There are 2 protein chains.
Amino acid sequence: MSSPVLDFWFDFASTYSYPAALRIAPLAEARDVTIRWRPFLLGPIFKAQGWATSPFNLYPAKGRNMWRDLERTCASLHLPFERPETFPQNSLLAARVALVGLAETWGENFCRAVYSAEFGEGRNIESPATIAGLLRNLAVDPDVVLAQTQSDDIKSQLRAQTEDAQRLEIFGAPSFLTSDGELFWGNDRLEAALAWATR
Amino acid sequence: MSSPVLDFWFDFASTYSYPAALRIAPLAEARDVTIRWRPFLLGPIFKAQGWATSPFNLYPAKGRNMWRDLERTCASLHLPFERPETFPQNSLLAARVALVGLAETWGENFCRAVYSAEFGEGRNIESPATIAGLLRNLAVDPDVVLAQTQSDDIKSQLRAQTEDAQRLEIFGAPSFLTSDGELFWGNDRLEAALAWATR
């Protein structure tokens with residue numbers, strides 16, 4: 001029997017996707033689950049429900065609590081935490097680079113590196129210079145990859161993936177979808193999603 | 001040293017307050033934490049941020065996922081689950097009765113009974129007849145208590161408690177607040193809140 005598959009849907013703008021992205025690989029390996037990393041853009045989905053920005057900005061009390069809760073969550077996971085100046089950050093470039101990398105060998109490491117830079121070090125991941133630096137750390141040529149992100153192929157892949165997310169009723173990130181259609185939302189549900197995938 | 005105190009803020013309309021209310025007493029006892037049960041009304045808080053009803057109704061994909069997630073959560077906790085026809089239910093009467101009971105001896109049992117009726121059996125808890133039945137099960141005279149809920153004292157207590165919640169930046173339920181001001185939101189954070197209270 002082949003190992004069960006779990007789709008991991010994430011947006012680089014999403015705060016709680018940071019701990020999820022950093023935790024998922026060892027947890028999945030322990031349960032022999034194959035993770036499909038599926039970057040998408042929450043922006044169009046939020047827009048469709050009438051939000052021009054993150055609900056954490058629209059509802060300030062909720063937002064203040066989220067930042068404090070994320071800090072506590074990271075502390076309990078021994079993950080570094082630093083709140084970036086801008087939130088949410090535009091995740092378009094990082095998502096396109098991730099799609100390039102996930103078709104090669106360095107995609108998952110790149111995703112983790114983006115989240116660590118953004119929420120572990122509070123860095124600006126909108127900036128091509130930041131992304132180029134992360135790629136160089138992975139021994140990947142940023143010039144080649146950044147050129148690829150401008151290809152119609154990568155652009156339309158990301159659009160299609162975002163449309164898939166919307167069709168699958170994904171409304172936030174991180175989300176986990178099992179092959180039998182169970183949708184789990186939030187870093188808090190990672191373990192439950194893995195358990196479902198293997199039951 | 002006296003045992004640490006954790007404030008448990010809940011609204012009887014809130015779905016995830018059901019598992020929290022059913023779980024909190026034994027978990028708190030194991031850690032020697034005193035729980036203060038603080039019923040309040042989310043309605044005015046939602047209204048203040050522009051919502052005329054629950055966000056689970058305003059955002060249907062989120063709402064559908066919540067019901068499925070609650071069902072899975074209850075299953076994993078071996079709690080009965082049945083979705084009530086109406087959501088959210090008006091929790092005013094139940095909250096006033098809870099305030100009467102929490103000043104006597106039967107308040108916590110009443111709170112658990114309301115949640116079990118509402119989300120374990122899908123019953124209508126807006127109805128005075130339902131509430132009267134739950135009181136009788138606790139050997140409490142419903143006529144006396146329902147009369148007390150119409151007193152200015154109880155009405156203003158609930159208003160004050162709801163204003164307290166708003167002042168404390170509580171934006172959802174269940175919420176847990178430690179005596180040193182750490183706010184934890186959601187059934188998923190019950191354990192973390194108890195751990196914080198005893199650290």
# chains A, B, ... in the order shown; residues from 1 in each chain; ligands from 1
call {"tool": "interface_residues", "arguments": {"of": "chain B", "to": "chain A", "cutoff": "9 Å", "atoms": "only C-alpha atoms", "output": "ChimeraX atom specification"}}
result
/B:49,58-59,61-62,65,68-69,169-172,182-185,188
call {"tool": "residues_around", "arguments": {"residues": "segment 131-145 of chain B", "least_positions_apart": "5", "cutoff": "8 Å", "atoms": "only C-alpha atoms", "output": "JSON, numbers by chain"}}
result
{"B": [94, 97, 100, 106, 109, 110, 113, 114, 125, 126]}
call {"tool": "atom_distance", "arguments": {"atom1": "atom CA of Ser116 of chain B", "atom2": "atom CA of Phe87 of chain B"}}
result
15.1 Å
call {"tool": "select_by_dssp", "arguments": {"residues": "segment 22-169 of chain A", "states": "helix (DSSP H, G or I)", "output": "ChimeraX atom specification"}}
result
/A:22-30,43-48,55-58,60-76,92-102,107-120,128-137,142-148,152-167
call {"tool": "closest_residue", "arguments": {"among": "B:Trp196, B:Tyr115, B:Phe81, B:Phe46", "to": "Ser14 of chain B", "atoms": "only C-alpha atoms"}}
result
B:Tyr115
call {"tool": "closest_residue", "arguments": {"among": "B:Gln161, B:Arg36, B:Ile154, B:Ala173", "to": "Gly186 of chain B", "atoms": "only C-alpha atoms"}}
result
B:Ala173
call {"tool": "residues_around", "arguments": {"residues": "Val33 of chain B", "least_positions_apart": "4", "cutoff": "12 Å", "atoms": "only C-alpha atoms", "output": "list of chain:residue names"}}
result
B:Met1, B:Ser2, B:Ser3, B:Pro4, B:Val5, B:Leu6, B:Asp7, B:Phe8, B:Ile24, B:Ala25, B:Pro26, B:Leu27, B:Ala28, B:Glu29, B:Thr178, B:Ser179, B:Glu191, B:Ala193, B:Leu194, B:Ala195, B:Trp196, B:Ala197, B:Thr198, B:Arg199
call {"tool": "atom_distance", "arguments": {"atom1": "atom CA of Phe40 of chain A", "atom2": "atom CA of Gln150 of chain A"}}
result
16.5 Å
call {"tool": "closest_residue", "arguments": {"among": "B:Thr162, B:Asn124, B:Gln157, B:Asn57", "to": "Glu82 of chain B", "atoms": "only C-alpha atoms"}}
result
B:Asn124
call {"tool": "residues_around", "arguments": {"residues": "Thr15 of chain A", "least_positions_apart": "3", "cutoff": "8 Å", "atoms": "only C-alpha atoms", "output": "PyMOL selection string"}}
result
chain A and resi 12+18+70+119
call {"tool": "write_last_selection", "arguments": {"atoms": "C-alpha atoms", "output": "short mmCIF file (atom, residue, chain, number, x, y, z; two decimals), in the first residue's frame"}}
result
data_model
loop_
_atom_site.label_atom_id
_atom_site.label_comp_id
_atom_site.auth_asym_id
_atom_site.auth_seq_id
_atom_site.Cartn_x
_atom_site.Cartn_y
_atom_site.Cartn_z
CA PHE A 12 3.40 32.96 3.03
CA TYR A 18 4.89 29.45 10.13
CA LEU A 70 1.76 33.28 18.09
CA PHE A 119 8.22 35.41 11.41
#
call {"tool": "atom_distance", "arguments": {"atom1": "atom CA of Asp152 of chain B", "atom2": "atom CA of Pro39 of chain B"}}
result
17.0 Å
call {"tool": "closest_residue", "arguments": {"among": "A:Pro174, A:Glu71, A:Ala98, A:Ala20", "to": "Gln148 of chain A", "atoms": "only C-alpha atoms"}}
result
A:Ala98
call {"tool": "decode", "arguments": {"residues": "segment 166-192 of chain B", "atoms": "N, CA, C and O atoms", "output": "PDB file, in the first residue's frame"}}
result
ATOM      1  N   GLN B 166     -15.759  43.200  27.060  1.00  0.00           N
ATOM      2  CA  GLN B 166     -15.375  44.119  25.984  1.00  0.00           C
ATOM      3  C   GLN B 166     -14.147  44.934  26.401  1.00  0.00           C
ATOM      4  O   GLN B 166     -13.197  45.089  25.632  1.00  0.00           O
ATOM      5  N   ARG B 167     -14.148  45.400  27.628  1.00  0.00           N
ATOM      6  CA  ARG B 167     -13.028  46.181  28.147  1.00  0.00           C
ATOM      7  C   ARG B 167     -11.755  45.338  28.187  1.00  0.00           C
ATOM      8  O   ARG B 167     -10.651  45.825  27.943  1.00  0.00           O
ATOM      9  N   LEU B 168     -11.917  44.051  28.440  1.00  0.00           N
ATOM     10  CA  LEU B 168     -10.765  43.150  28.509  1.00  0.00           C
ATOM     11  C   LEU B 168     -10.326  42.674  27.130  1.00  0.00           C
ATOM     12  O   LEU B 168      -9.468  41.810  27.009  1.00  0.00           O
ATOM     13  N   GLU B 169     -10.944  43.218  26.088  1.00  0.00           N
ATOM     14  CA  GLU B 169     -10.606  42.881  24.692  1.00  0.00           C
ATOM     15  C   GLU B 169     -10.946  41.441  24.331  1.00  0.00           C
ATOM     16  O   GLU B 169     -10.316  40.852  23.444  1.00  0.00           O
ATOM     17  N   ILE B 170     -11.928  40.885  25.025  1.00  0.00           N
ATOM     18  CA  ILE B 170     -12.396  39.550  24.651  1.00  0.00           C
ATOM     19  C   ILE B 170     -13.224  39.686  23.388  1.00  0.00           C
ATOM     20  O   ILE B 170     -14.105  40.537  23.293  1.00  0.00           O
ATOM     21  N   PHE B 171     -12.887  38.888  22.376  1.00  0.00           N
ATOM     22  CA  PHE B 171     -13.501  39.034  21.063  1.00  0.00           C
ATOM     23  C   PHE B 171     -14.168  37.755  20.595  1.00  0.00           C
ATOM     24  O   PHE B 171     -14.703  37.699  19.480  1.00  0.00           O
ATOM     25  N   GLY B 172     -14.129  36.719  21.416  1.00  0.00           N
ATOM     26  CA  GLY B 172     -14.735  35.452  21.039  1.00  0.00           C
ATOM     27  C   GLY B 172     -14.822  34.564  22.261  1.00  0.00           C
ATOM     28  O   GLY B 172     -14.343  34.923  23.340  1.00  0.00           O
ATOM     29  N   ALA B 173     -15.445  33.410  22.081  1.00  0.00           N
ATOM     30  CA  ALA B 173     -15.611  32.494  23.203  1.00  0.00           C
ATOM     31  C   ALA B 173     -15.377  31.059  22.737  1.00  0.00           C
ATOM     32  O   ALA B 173     -15.672  30.755  21.586  1.00  0.00           O
ATOM     33  N   PRO B 174     -14.853  30.207  23.624  1.00  0.00           N
ATOM     34  CA  PRO B 174     -14.451  30.520  24.986  1.00  0.00           C
ATOM     35  C   PRO B 174     -13.155  31.318  25.023  1.00  0.00           C
ATOM     36  O   PRO B 174     -12.326  31.206  24.137  1.00  0.00           O
ATOM     37  N   SER B 175     -13.015  32.123  26.075  1.00  0.00           N
ATOM     38  CA  SER B 175     -11.750  32.808  26.329  1.00  0.00           C
ATOM     39  C   SER B 175     -11.346  32.544  27.771  1.00  0.00           C
ATOM     40  O   SER B 175     -12.200  32.353  28.640  1.00  0.00           O
ATOM     41  N   PHE B 176     -10.039  32.525  27.967  1.00  0.00           N
ATOM     42  CA  PHE B 176      -9.493  32.258  29.295  1.00  0.00           C
ATOM     43  C   PHE B 176      -8.533  33.385  29.628  1.00  0.00           C
ATOM     44  O   PHE B 176      -7.665  33.723  28.820  1.00  0.00           O
ATOM     45  N   LEU B 177      -8.697  33.956  30.808  1.00  0.00           N
ATOM     46  CA  LEU B 177      -7.859  35.094  31.193  1.00  0.00           C
ATOM     47  C   LEU B 177      -7.186  34.786  32.525  1.00  0.00           C
ATOM     48  O   LEU B 177      -7.861  34.492  33.518  1.00  0.00           O
ATOM     49  N   THR B 178      -5.868  34.860  32.531  1.00  0.00           N
ATOM     50  CA  THR B 178      -5.139  34.598  33.777  1.00  0.00           C
ATOM     51  C   THR B 178      -5.109  35.861  34.627  1.00  0.00           C
ATOM     52  O   THR B 178      -5.363  36.965  34.135  1.00  0.00           O
ATOM     53  N   SER B 179      -4.752  35.697  35.899  1.00  0.00           N
ATOM     54  CA  SER B 179      -4.750  36.863  36.797  1.00  0.00           C
ATOM     55  C   SER B 179      -3.646  37.845  36.429  1.00  0.00           C
ATOM     56  O   SER B 179      -3.712  39.016  36.802  1.00  0.00           O
ATOM     57  N   ASP B 180      -2.633  37.403  35.662  1.00  0.00           N
ATOM     58  CA  ASP B 180      -1.614  38.356  35.199  1.00  0.00           C
ATOM     59  C   ASP B 180      -1.896  38.851  33.777  1.00  0.00           C
ATOM     60  O   ASP B 180      -1.000  39.383  33.113  1.00  0.00           O
ATOM     61  N   GLY B 181      -3.137  38.674  33.305  1.00  0.00           N
ATOM     62  CA  GLY B 181      -3.565  39.358  32.088  1.00  0.00           C
ATOM     63  C   GLY B 181      -3.286  38.650  30.767  1.00  0.00           C
ATOM     64  O   GLY B 181      -3.391  39.266  29.715  1.00  0.00           O
ATOM     65  N   GLU B 182      -2.964  37.359  30.810  1.00  0.00           N
ATOM     66  CA  GLU B 182      -2.770  36.634  29.549  1.00  0.00           C
ATOM     67  C   GLU B 182      -4.119  36.131  29.057  1.00  0.00           C
ATOM     68  O   GLU B 182      -4.824  35.397  29.778  1.00  0.00           O
ATOM     69  N   LEU B 183      -4.449  36.499  27.823  1.00  0.00           N
ATOM     70  CA  LEU B 183      -5.731  36.112  27.247  1.00  0.00           C
ATOM     71  C   LEU B 183      -5.532  34.976  26.252  1.00  0.00           C
ATOM     72  O   LEU B 183      -4.731  35.095  25.311  1.00  0.00           O
ATOM     73  N   PHE B 184      -6.244  33.886  26.459  1.00  0.00           N
ATOM     74  CA  PHE B 184      -6.192  32.731  25.565  1.00  0.00           C
ATOM     75  C   PHE B 184      -7.577  32.546  24.967  1.00  0.00           C
ATOM     76  O   PHE B 184      -8.572  32.547  25.691  1.00  0.00           O
ATOM     77  N   TRP B 185      -7.623  32.363  23.678  1.00  0.00           N
ATOM     78  CA  TRP B 185      -8.913  32.247  22.993  1.00  0.00           C
ATOM     79  C   TRP B 185      -9.084  30.846  22.407  1.00  0.00           C
ATOM     80  O   TRP B 185      -8.204  30.379  21.684  1.00  0.00           O
ATOM     81  N   GLY B 186     -10.223  30.241  22.703  1.00  0.00           N
ATOM     82  CA  GLY B 186     -10.580  28.993  22.039  1.00  0.00           C
ATOM     83  C   GLY B 186     -10.387  27.763  22.903  1.00  0.00           C
ATOM     84  O   GLY B 186      -9.481  27.690  23.730  1.00  0.00           O
ATOM     85  N   ASN B 187     -11.253  26.791  22.681  1.00  0.00           N
ATOM     86  CA  ASN B 187     -11.155  25.499  23.342  1.00  0.00           C
ATOM     87  C   ASN B 187      -9.761  24.903  23.216  1.00  0.00           C
ATOM     88  O   ASN B 187      -9.246  24.284  24.144  1.00  0.00           O
ATOM     89  N   ASP B 188      -9.121  25.134  22.079  1.00  0.00           N
ATOM     90  CA  ASP B 188      -7.765  24.617  21.847  1.00  0.00           C
ATOM     91  C   ASP B 188      -6.737  25.194  22.810  1.00  0.00           C
ATOM     92  O   ASP B 188      -5.620  24.688  22.873  1.00  0.00           O
ATOM     93  N   ARG B 189      -7.038  26.295  23.466  1.00  0.00           N
ATOM     94  CA  ARG B 189      -6.058  26.945  24.329  1.00  0.00           C
ATOM     95  C   ARG B 189      -6.296  26.697  25.815  1.00  0.00           C
ATOM     96  O   ARG B 189      -5.624  27.277  26.652  1.00  0.00           O
ATOM     97  N   LEU B 190      -7.278  25.838  26.122  1.00  0.00           N
ATOM     98  CA  LEU B 190      -7.588  25.592  27.531  1.00  0.00           C
ATOM     99  C   LEU B 190      -6.370  25.070  28.294  1.00  0.00           C
ATOM    100  O   LEU B 190      -6.030  25.572  29.368  1.00  0.00           O
ATOM    101  N   GLU B 191      -5.700  24.090  27.733  1.00  0.00           N
ATOM    102  CA  GLU B 191      -4.533  23.521  28.420  1.00  0.00           C
ATOM    103  C   GLU B 191      -3.431  24.570  28.583  1.00  0.00           C
ATOM    104  O   GLU B 191      -2.791  24.653  29.636  1.00  0.00           O
ATOM    105  N   ALA B 192      -3.192  25.359  27.545  1.00  0.00           N
ATOM    106  CA  ALA B 192      -2.139  26.381  27.617  1.00  0.00           C
ATOM    107  C   ALA B 192      -2.479  27.430  28.680  1.00  0.00           C
ATOM    108  O   ALA B 192      -1.599  27.906  29.404  1.00  0.00           O
TER     109      ALA B 192
END
